[in-house]
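A.B. asks: Just coords09.txt, nothing more (compact mmCIF, C-alpha atoms):
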```txt
# COMPACT_ATOMS: atom_id res chain seq x y z
CA MET A 1 80.83 77.58 151.19
CA VAL A 2 78.05 76.23 148.99
CA GLY A 3 79.05 72.98 147.28
CA ILE A 4 78.55 72.62 143.54
CA VAL A 5 77.96 69.35 141.72
CA ILE A 6 78.29 69.13 137.94
CA VAL A 7 76.16 66.37 136.41
CA SER A 8 76.73 65.36 132.81
CA HIS A 9 76.20 62.32 130.59
CA SER A 10 79.93 62.49 129.89
CA GLU A 11 82.56 61.85 132.55
CA THR A 12 85.08 64.00 130.71
CA LEU A 13 82.61 66.85 130.17
CA ALA A 14 81.73 66.94 133.91
CA ARG A 15 85.41 66.91 134.84
CA GLY A 16 86.17 69.59 132.26
CA VAL A 17 83.45 71.90 133.57
CA VAL A 18 84.81 71.43 137.11
CA GLU A 19 88.32 72.18 135.81
CA LEU A 20 87.17 75.39 134.14
CA ALA A 21 85.13 76.57 137.14
CA SER A 22 88.02 75.76 139.52
CA MET A 23 90.30 77.94 137.45
CA MET A 24 88.00 80.87 138.28
CA ALA A 25 87.50 79.89 141.91
CA ALA A 26 90.17 77.50 143.16
CA ASP A 27 88.75 77.18 146.68
CA ALA A 28 85.10 76.50 145.72
CA PRO A 29 83.94 72.99 146.66
CA LEU A 30 83.20 71.44 143.25
CA ALA A 31 82.50 67.82 142.41
CA ALA A 32 82.02 66.13 139.03
CA ALA A 33 79.36 63.45 138.53
CA GLY A 34 79.63 62.44 134.89
CA GLY A 35 78.98 59.21 133.03
CA LEU A 36 78.22 55.72 134.27
CA GLU A 37 80.29 53.59 136.63
CA ASP A 38 82.18 52.03 133.71
CA GLY A 39 82.92 55.43 132.19
CA SER A 40 80.38 55.14 129.36
CA LEU A 41 77.86 57.89 128.54
CA GLY A 42 74.84 58.20 130.84
CA THR A 43 73.93 59.48 134.27
CA SER A 44 74.54 57.53 137.45
CA PHE A 45 72.42 57.95 140.57
CA GLU A 46 75.35 56.73 142.72
CA ARG A 47 77.87 59.08 141.17
CA ILE A 48 75.60 62.08 141.74
CA ARG A 49 74.80 61.00 145.30
CA ASP A 50 78.51 60.48 146.10
CA ALA A 51 79.45 63.82 144.56
CA VAL A 52 76.83 65.57 146.72
CA GLY A 53 78.34 63.83 149.78
CA ARG A 54 81.85 64.99 148.90
CA VAL A 55 81.00 68.72 148.80
CA TYR A 56 78.12 68.85 151.28
CA SER A 57 78.11 71.25 154.24
CA ASP A 58 75.41 73.13 156.15
CA ASP A 59 75.65 75.81 153.46
CA GLY A 60 74.06 73.32 151.06
CA VAL A 61 74.81 71.99 147.61
CA LEU A 62 73.70 73.31 144.24
CA VAL A 63 73.44 70.77 141.42
CA LEU A 64 73.94 71.80 137.77
CA MET A 65 72.99 69.35 135.02
CA ASP A 66 73.34 69.01 131.25
CA MET A 67 69.99 67.58 130.04
CA GLY A 68 67.47 64.75 129.81
CA SER A 69 68.27 61.92 132.16
CA ALA A 70 70.85 64.08 133.97
CA VAL A 71 67.99 66.31 135.12
CA MET A 72 65.70 63.43 136.08
CA THR A 73 68.40 61.44 137.86
CA ALA A 74 69.58 64.51 139.80
CA GLU A 75 65.95 65.11 140.78
CA MET A 76 65.74 61.57 142.18
CA VAL A 77 68.97 62.01 144.17
CA LEU A 78 67.53 65.19 145.73
CA GLU A 79 64.30 63.37 146.56
CA SER A 80 66.31 60.60 148.25
CA MET A 81 67.90 63.16 150.63
CA PRO A 82 64.91 65.19 151.91
CA ASP A 83 66.73 66.33 155.08
CA ARG A 84 69.59 67.99 153.23
CA LYS A 85 69.82 71.49 151.84
CA LEU A 86 70.00 70.78 148.12
CA ALA A 87 68.75 72.50 144.98
CA MET A 88 69.01 72.13 141.22
CA ALA A 89 69.94 75.12 139.09
CA ASP A 90 68.11 75.72 135.79
CA CYS A 91 70.87 77.32 133.72
CA PRO A 92 73.48 76.69 131.02
CA LEU A 93 76.04 74.26 132.44
CA VAL A 94 79.34 75.99 131.73
CA GLU A 95 78.27 79.58 132.35
CA GLY A 96 76.31 78.53 135.41
CA ALA A 97 79.21 76.54 136.86
CA VAL A 98 81.61 79.47 136.56
CA ILE A 99 79.14 81.91 138.13
CA ALA A 100 78.20 79.48 140.91
CA ALA A 101 81.83 78.66 141.72
CA THR A 102 82.96 82.28 141.91
CA SER A 103 79.93 83.24 144.00
CA SER A 104 80.35 80.31 146.35
CA SER A 105 84.00 81.15 146.85
CA GLY A 106 82.92 84.77 147.45
CA GLY A 107 80.79 83.64 150.38
CA CYS A 108 77.33 83.91 148.78
CA THR A 109 74.50 81.81 150.21
CA MET A 110 72.71 79.20 148.12
CA GLU A 111 69.75 81.54 147.65
CA GLU A 112 72.04 84.37 146.51
CA ILE A 113 73.78 82.10 144.00
CA GLN A 114 70.45 80.93 142.62
CA SER A 115 69.20 84.45 142.03
CA GLN A 116 72.53 85.38 140.48
CA LEU A 117 72.28 82.42 138.10
CA ALA A 118 68.79 83.50 137.09
CA GLU A 119 70.12 86.97 136.26
CA ASP A 120 73.54 86.32 134.75
CA ALA A 121 73.80 82.76 133.43
CA PHE A 122 71.65 83.49 130.37
CA ALA A 123 73.61 86.54 129.17
CA HIS A 124 74.03 86.75 125.40
CA LYS A 125 77.53 86.20 124.04
CA LEU A 126 77.09 88.17 120.84
CA MET B 1 45.94 37.37 140.92
CA ALA B 2 49.59 37.25 142.06
CA ASP B 3 51.71 36.66 145.15
CA SER B 4 55.35 37.67 145.70
CA GLN B 5 56.65 34.49 144.04
CA LYS B 6 54.60 35.19 140.92
CA VAL B 7 55.72 38.83 140.82
CA LEU B 8 59.36 37.70 140.97
CA GLU B 9 58.75 35.25 138.11
CA ILE B 10 57.19 38.02 136.01
CA ILE B 11 60.12 40.36 136.67
CA ARG B 12 62.58 37.64 135.58
CA ALA B 13 60.48 37.11 132.46
CA MET B 14 60.59 40.88 131.80
CA GLY B 15 64.40 40.69 131.87
CA GLU B 16 64.37 37.81 129.37
CA ARG B 17 61.97 39.67 127.08
CA ILE B 18 64.06 42.87 127.19
CA GLU B 19 67.19 40.85 126.42
CA ARG B 20 65.42 39.38 123.36
CA GLU B 21 64.19 42.81 122.24
CA LYS B 22 67.49 44.56 122.97
CA ASP B 23 68.67 44.95 119.37
CA TYR B 24 65.23 45.99 118.09
CA LEU B 25 64.80 48.63 120.83
CA THR B 26 68.23 50.02 120.08
CA GLU B 27 67.42 50.04 116.36
CA LEU B 28 64.25 52.08 117.06
CA ASP B 29 66.32 54.53 119.09
CA GLN B 30 68.89 54.99 116.33
CA PRO B 31 67.16 57.50 114.01
CA ILE B 32 65.56 59.61 116.75
CA GLY B 33 67.69 59.18 119.86
CA ASP B 34 71.14 58.04 120.87
CA SER B 35 70.90 54.35 119.94
CA ASP B 36 71.11 53.01 123.45
CA HIS B 37 67.59 52.19 124.64
CA GLY B 38 67.87 48.42 124.23
CA ILE B 39 71.39 48.30 125.62
CA ASN B 40 70.41 50.47 128.61
CA MET B 41 67.26 48.49 129.39
CA ALA B 42 69.07 45.16 129.09
CA ARG B 43 71.83 46.37 131.41
CA GLY B 44 69.20 47.56 133.91
CA PHE B 45 67.18 44.35 133.90
CA ALA B 46 70.32 42.20 134.14
CA ALA B 47 71.16 44.10 137.34
CA VAL B 48 67.55 43.75 138.54
CA GLU B 49 67.83 39.96 138.20
CA GLN B 50 71.02 39.99 140.31
CA LYS B 51 69.47 42.07 143.07
CA LEU B 52 65.96 40.60 143.32
CA PRO B 53 64.76 40.17 146.89
CA SER B 54 63.66 36.75 148.23
CA PRO B 55 60.05 35.56 147.79
CA GLU B 56 59.46 36.40 151.47
CA ALA B 57 59.58 40.10 150.61
CA ASP B 58 56.23 41.80 150.11
CA ILE B 59 55.24 42.95 146.61
CA GLY B 60 55.80 46.61 147.46
CA ALA B 61 59.38 45.90 148.57
CA ILE B 62 60.06 43.84 145.42
CA LEU B 63 58.82 46.58 143.06
CA LYS B 64 60.69 49.28 144.99
CA SER B 65 63.91 47.27 144.74
CA VAL B 66 63.42 46.87 140.97
CA GLY B 67 62.90 50.63 140.63
CA MET B 68 65.97 51.54 142.65
CA THR B 69 68.14 49.15 140.64
CA LEU B 70 66.85 50.57 137.34
CA VAL B 71 67.59 54.15 138.43
CA SER B 72 71.14 53.13 139.32
CA THR B 73 71.98 51.01 136.32
CA VAL B 74 70.04 52.00 133.18
CA GLY B 75 71.96 55.23 132.59
CA GLY B 76 69.63 56.90 130.06
CA ALA B 77 66.34 58.71 130.56
CA SER B 78 64.53 55.38 130.86
CA GLY B 79 66.39 54.81 134.17
CA PRO B 80 64.69 57.57 136.15
CA LEU B 81 61.42 57.02 134.24
CA TYR B 82 61.07 53.25 134.70
CA GLY B 83 62.73 53.58 138.11
CA THR B 84 60.05 56.03 139.18
CA ALA B 85 57.32 53.82 137.67
CA PHE B 86 58.37 50.75 139.65
CA MET B 87 59.06 52.70 142.85
CA LYS B 88 55.65 54.42 142.76
CA ALA B 89 53.95 51.10 141.95
CA GLY B 90 55.82 49.62 144.92
CA MET B 91 54.57 52.37 147.21
CA ALA B 92 51.00 51.63 146.05
CA CYS B 93 51.49 47.92 147.01
CA ALA B 94 53.41 48.52 150.26
CA GLY B 95 53.08 45.58 152.65
CA LYS B 96 50.97 43.47 150.26
CA GLN B 97 51.75 39.77 149.88
CA GLU B 98 49.00 39.31 147.32
CA LEU B 99 47.84 41.57 144.53
CA ASP B 100 44.37 41.46 142.94
CA VAL B 101 43.29 43.20 139.73
CA ALA B 102 42.15 46.32 141.60
CA GLY B 103 45.48 46.50 143.43
CA PHE B 104 47.39 46.04 140.17
CA LEU B 105 45.42 48.85 138.52
CA ASP B 106 46.10 51.15 141.48
CA ALA B 107 49.81 50.37 141.18
CA MET B 108 49.63 51.08 137.43
CA ASP B 109 47.93 54.43 138.11
CA ALA B 110 50.71 55.34 140.54
CA ALA B 111 53.36 54.30 138.00
CA VAL B 112 51.81 56.33 135.17
CA ALA B 113 51.39 59.40 137.39
CA GLY B 114 55.00 59.03 138.52
CA VAL B 115 56.31 58.91 134.94
CA GLN B 116 54.20 61.94 133.97
CA THR B 117 55.54 63.94 136.92
CA ARG B 118 59.15 62.90 136.31
CA GLY B 119 59.19 63.42 132.56
CA HIS B 120 56.66 66.28 132.31
CA ALA B 121 55.11 64.46 129.35
CA ALA B 122 51.47 64.27 128.31
CA VAL B 123 49.64 62.07 125.81
CA GLY B 124 50.51 62.89 122.19
CA GLU B 125 54.18 63.80 122.62
CA ALA B 126 55.57 60.47 121.30
CA THR B 127 56.82 59.07 124.60
CA MET B 128 56.14 55.96 126.67
CA ILE B 129 53.11 57.83 128.03
CA ASP B 130 51.44 57.18 124.66
CA ALA B 131 51.49 53.46 125.44
CA MET B 132 50.93 53.76 129.19
CA VAL B 133 47.80 55.90 129.25
CA PRO B 134 45.79 53.93 126.64
CA ALA B 135 46.78 50.69 128.42
CA GLN B 136 45.71 52.13 131.77
CA GLN B 137 42.36 53.24 130.34
CA ALA B 138 41.72 49.94 128.54
CA MET B 139 42.47 47.95 131.69
CA ARG B 140 40.22 50.16 133.84
CA ALA B 141 37.40 49.73 131.31
CA ALA B 142 37.89 45.94 131.12
CA ALA B 143 38.03 45.62 134.92
CA SER B 144 34.86 47.66 135.41
CA GLY B 145 33.18 45.29 132.94
CA GLY B 146 33.98 42.47 135.35
CA LEU B 147 36.50 40.73 133.07
CA SER B 148 39.15 38.32 134.40
CA ALA B 149 42.77 39.25 135.14
CA HIS B 150 43.77 37.54 131.89
CA GLU B 151 41.26 39.58 129.85
CA VAL B 152 42.08 42.85 131.62
CA LEU B 153 45.81 42.44 130.97
CA ALA B 154 45.27 41.32 127.38
CA ALA B 155 43.18 44.46 126.75
CA GLY B 156 45.93 46.58 128.32
CA ALA B 157 48.70 44.98 126.28
CA ALA B 158 46.74 45.42 123.03
CA ALA B 159 46.06 49.09 123.81
CA ALA B 160 49.74 49.65 124.67
CA ARG B 161 50.82 48.07 121.36
CA ALA B 162 48.38 50.26 119.42
CA GLY B 163 49.55 53.31 121.37
CA ALA B 164 53.22 52.52 120.68
CA GLU B 165 52.49 52.11 116.95
CA HIS B 166 50.59 55.41 116.94
CA THR B 167 53.78 57.23 118.08
CA LYS B 168 55.00 56.84 114.47
CA GLU B 169 52.51 59.52 113.48
CA LEU B 170 53.49 61.95 116.23
CA VAL B 171 56.12 64.68 116.47
CA ALA B 172 58.11 64.29 119.68
CA THR B 173 58.25 67.36 121.87
CA LYS B 174 59.84 65.68 124.90
CA GLY B 175 63.03 63.73 125.34
CA ARG B 176 65.91 63.23 122.95
CA ALA B 177 63.58 62.62 120.00
CA SER B 178 62.39 66.25 120.24
CA TYR B 179 65.72 67.34 118.72
CA VAL B 180 64.83 65.71 115.41
CA GLY B 181 61.35 67.33 115.29
CA GLU B 182 59.27 66.36 112.26
CA ARG B 183 62.01 64.05 111.01
CA GLY B 184 60.86 61.77 113.84
CA ILE B 185 57.58 61.07 112.05
CA GLY B 186 57.50 57.49 110.83
CA HIS B 187 59.56 56.24 113.75
CA GLN B 188 58.06 54.32 116.64
CA ASP B 189 59.05 55.53 120.11
CA PRO B 190 61.46 53.09 121.81
CA GLY B 191 60.15 53.82 125.32
CA ALA B 192 56.53 53.22 124.31
CA THR B 193 57.71 49.98 122.71
CA SER B 194 59.64 48.72 125.74
CA PHE B 195 56.68 49.53 127.99
CA THR B 196 54.49 47.44 125.67
CA ASP B 197 57.02 44.58 125.87
CA LEU B 198 56.87 44.71 129.67
CA LEU B 199 53.07 44.80 129.83
CA GLU B 200 52.83 41.94 127.30
CA THR B 201 55.13 39.96 129.60
CA VAL B 202 52.79 40.58 132.52
CA ALA B 203 49.79 39.61 130.37
CA ALA B 204 51.48 36.39 129.21
CA ALA B 205 51.75 35.28 132.86
CA PHE B 206 47.96 35.04 133.30
```
Could you take the file, read its structure, and then write that structure out as structure tokens?

C.D. replies:
Amino acid sequence: MVGIVIVSHSETLARGVVELASMMAADAPLAAAGGLEDGSLGTSFERIRDAVGRVYSDDGVLVLMDMGSAVMTAEMVLESMPDRKLAMADCPLVEGAVIAATSSSGGCTMEEIQSQLAEDAFAHKL
Amino acid sequence: MADSQKVLEIIRAMGERIEREKDYLTELDQPIGDSDHGINMARGFAAVEQKLPSPEADIGAILKSVGMTLVSTVGGASGPLYGTAFMKAGMACAGKQELDVAGFLDAMDAAVAGVQTRGHAAVGEATMIDAMVPAQQAMRAAASGGLSAHEVLAAGAAAARAGAEHTKELVATKGRASYVGERGIGHQDPGATSFTDLLETVAAAF
């Protein structure tokens, strides 16, 4: 299954998104990478790298981020692992996480999940 | 111009300067960002000081190490941005034990290009690029006029300071400050200011 890493400035937000996505897809490999080492707000290169390691398989890992430095730091983690199958998803964090988790658990490939995110993650709510 | 020992001294001096400017940088970040630029930069440079390589390391390895530490420890957007700047500068100086003005300017070009690629920012968007690009151009012009390292760096630092002050008149379209839109006018960009502090520290060493 494709691993999914949730990157946020907030440790609790990242964990909460993982919690919500796991509720929809209990067996999907999800990892939270939120906040700095001391728990304060920010994005940590090490936390993202370790989260990728925890859910990595040959199926690859898709990284979802909140914004700003989360995007740039995730980008640097991906650049530091050129031999691995990794990608960043450009989508809303919560909606994207739920879609990615259910699709991963349903056996979709990384490419299939990415095209699904492009189609469904931006759906209007009202 | 500089050997590894001198580069290490300058990096330590950068840490001291950032520590002194910490409260001011955070104050600049307060109305337009999330009030953490000074705190983040000071945390990053304190870690840099702890992890500096020995003077036997070549200049490329020293700058790369600084960049990697900043990425890991700064926490805000300036982590990946300054981290990329130092890492790209390090790649441009790979294996060098001695840096001349031309080598320094090449490293600066690599750093500026790295920040532009990472942050997708151009001149005029009220970011650190508005200090970096004028400094880069002023130093290139001074160097082509045959000026000394001291004069080249002084020209760069003055252009960076002017560029940072000019960000007060700009509306930010990148980074956290873009959320406040036109309300950001009148405020100087913290990243442009910290870049100026760092370049002034380099200039003061010559």

A.B. asks: Against chain A, which residues of chain B fall within 7 Å? For each one I want the closest pair of atoms and the distance in Å (one decimal), counting only C-alpha atoms, rows by chain and increasing residue number, as a Markdown table.

C.D. replies:
```
| residue | atom | partner | partner_atom | distance |
| --- | --- | --- | --- | --- |
| B:Val71 | CA | A:Phe45 | CA | 6.5 |
| B:Ser72 | CA | A:Phe45 | CA | 5.1 |
| B:Gly75 | CA | A:Gly42 | CA | 4.5 |
| B:Gly76 | CA | A:Gly42 | CA | 5.4 |
| B:Ala77 | CA | A:Ser69 | CA | 4.1 |
| B:Pro80 | CA | A:Thr73 | CA | 5.6 |
| B:Arg118 | CA | A:Met72 | CA | 6.6 |
| B:Gly175 | CA | A:Gly68 | CA | 6.4 |
```

A.B. asks: Can you list, as a PDB file with C-alpha atoms, in the frame of the given file, every protein, DNA or RNA residue that comes within 9 Å of B:Asp34 when you count all atoms listed in the file, leaving out same-chain residues fewer than 5 positions away?

C.D. replies:
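Result written to out26.pdb:
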```pdb
ATOM      1  CA  THR B  26      68.230  50.020 120.080  1.00  0.00           C
ATOM      2  CA  ASP B  29      66.320  54.530 119.090  1.00  0.00           C
ATOM      3  CA  ARG B 176      65.910  63.230 122.950  1.00  0.00           C
ATOM      4  CA  ALA B 177      63.580  62.620 120.000  1.00  0.00           C
TER       5      ALA B 177
END
```

A.B. asks: Name the residues within 12 Å of (56.6, 56.0, 124.6), counting all atoms listed in the file in the file's coordinates, and put them as an MDAnalysis selection string.

C.D. replies: chainID B and resid 25 28:29 37 77:78 81:82 112 115:116 119 121:135 160:168 170:177 187:197

A.B. asks: Tell me, in Å to one decimal, how far atom CA of B:Ile59 is from atom CA of A:Met81.

C.D. replies: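 Interatomic distance here is 24.2 Å.
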
A.B. asks: Quick check, in Å to one decimal: how far apart do atom CA of B:Ala143 and atom CA of B:Asp3 lie?

C.D. replies: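 Separation of atom CA of B:Ala143 and atom CA of B:Asp3: 19.3 Å.
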
A.B. asks: Which polymer residues have any atom within 7 Å of an atom of A:Cys91, counting only C-alpha atoms, with same-chain residues fewer than 4 positions away left out, as a list in words?

C.D. replies: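 Here the answer would be Gly96, Leu117 and Ala121 of chain A.
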
A.B. asks: For stretch 48-65 of chain A, list every protein, DNA or RNA residue within 7 Å, evaluated using only C-alpha atoms, and leave out those in the same chain fewer than 4 positions away; present the list as a PyMOL selection string.

C.D. replies: chain A and resi 1-8+29-33+44+70-71+74+77+85-89+93+109-110

A.B. asks: Tell me, as a list in words, which residues lie within 6 Å of stretch 49-56 of chain B, counting only C-alpha atoms; anything in the same chain fewer than 2 positions away does not count.

C.D. replies: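 So the residues in contact are Ser4, Gln5, Ala46 and Ala47 of chain B.
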
A.B. asks: Have a look at atom CA of B:Ser178 and atom CA of A:Glu95 and let me know their distance in Å, one decimal.

C.D. replies: 24.0 Å

A.B. asks: Within 7 Å of B:Gly90, counting all atoms listed in the file, which residues qualify if same-chain residues fewer than 4 places away don't, as a short mmCIF file (atom, residue, chain, number, x, y, z; two decimals) with C-alpha atoms, in the frame of the given file?

C.D. replies:
```
data_model
loop_
_atom_site.label_atom_id
_atom_site.label_comp_id
_atom_site.auth_asym_id
_atom_site.auth_seq_id
_atom_site.Cartn_x
_atom_site.Cartn_y
_atom_site.Cartn_z
CA ILE B 59 55.24 42.95 146.61
CA GLY B 60 55.80 46.61 147.46
CA ALA B 61 59.38 45.90 148.57
CA LEU B 63 58.82 46.58 143.06
CA LYS B 64 60.69 49.28 144.99
CA PHE B 86 58.37 50.75 139.65
CA ALA B 94 53.41 48.52 150.26
#
```

A.B. asks: Find, counting only C-alpha atoms, the residue in A:Ser22, A:Asp120, A:Ser115, A:Gly39 that gets nearest to A:Ile99.

C.D. replies: A:Asp120

A.B. asks: Tell me which of A:Ala14, A:Ala28, A:Leu20, A:Leu126 sits closest to A:Ala100, counting only C-alpha atoms.

C.D. replies: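 Among A:Ala14, A:Ala28, A:Leu20, A:Leu126, it is A:Ala28 that comes nearest to A:Ala100.
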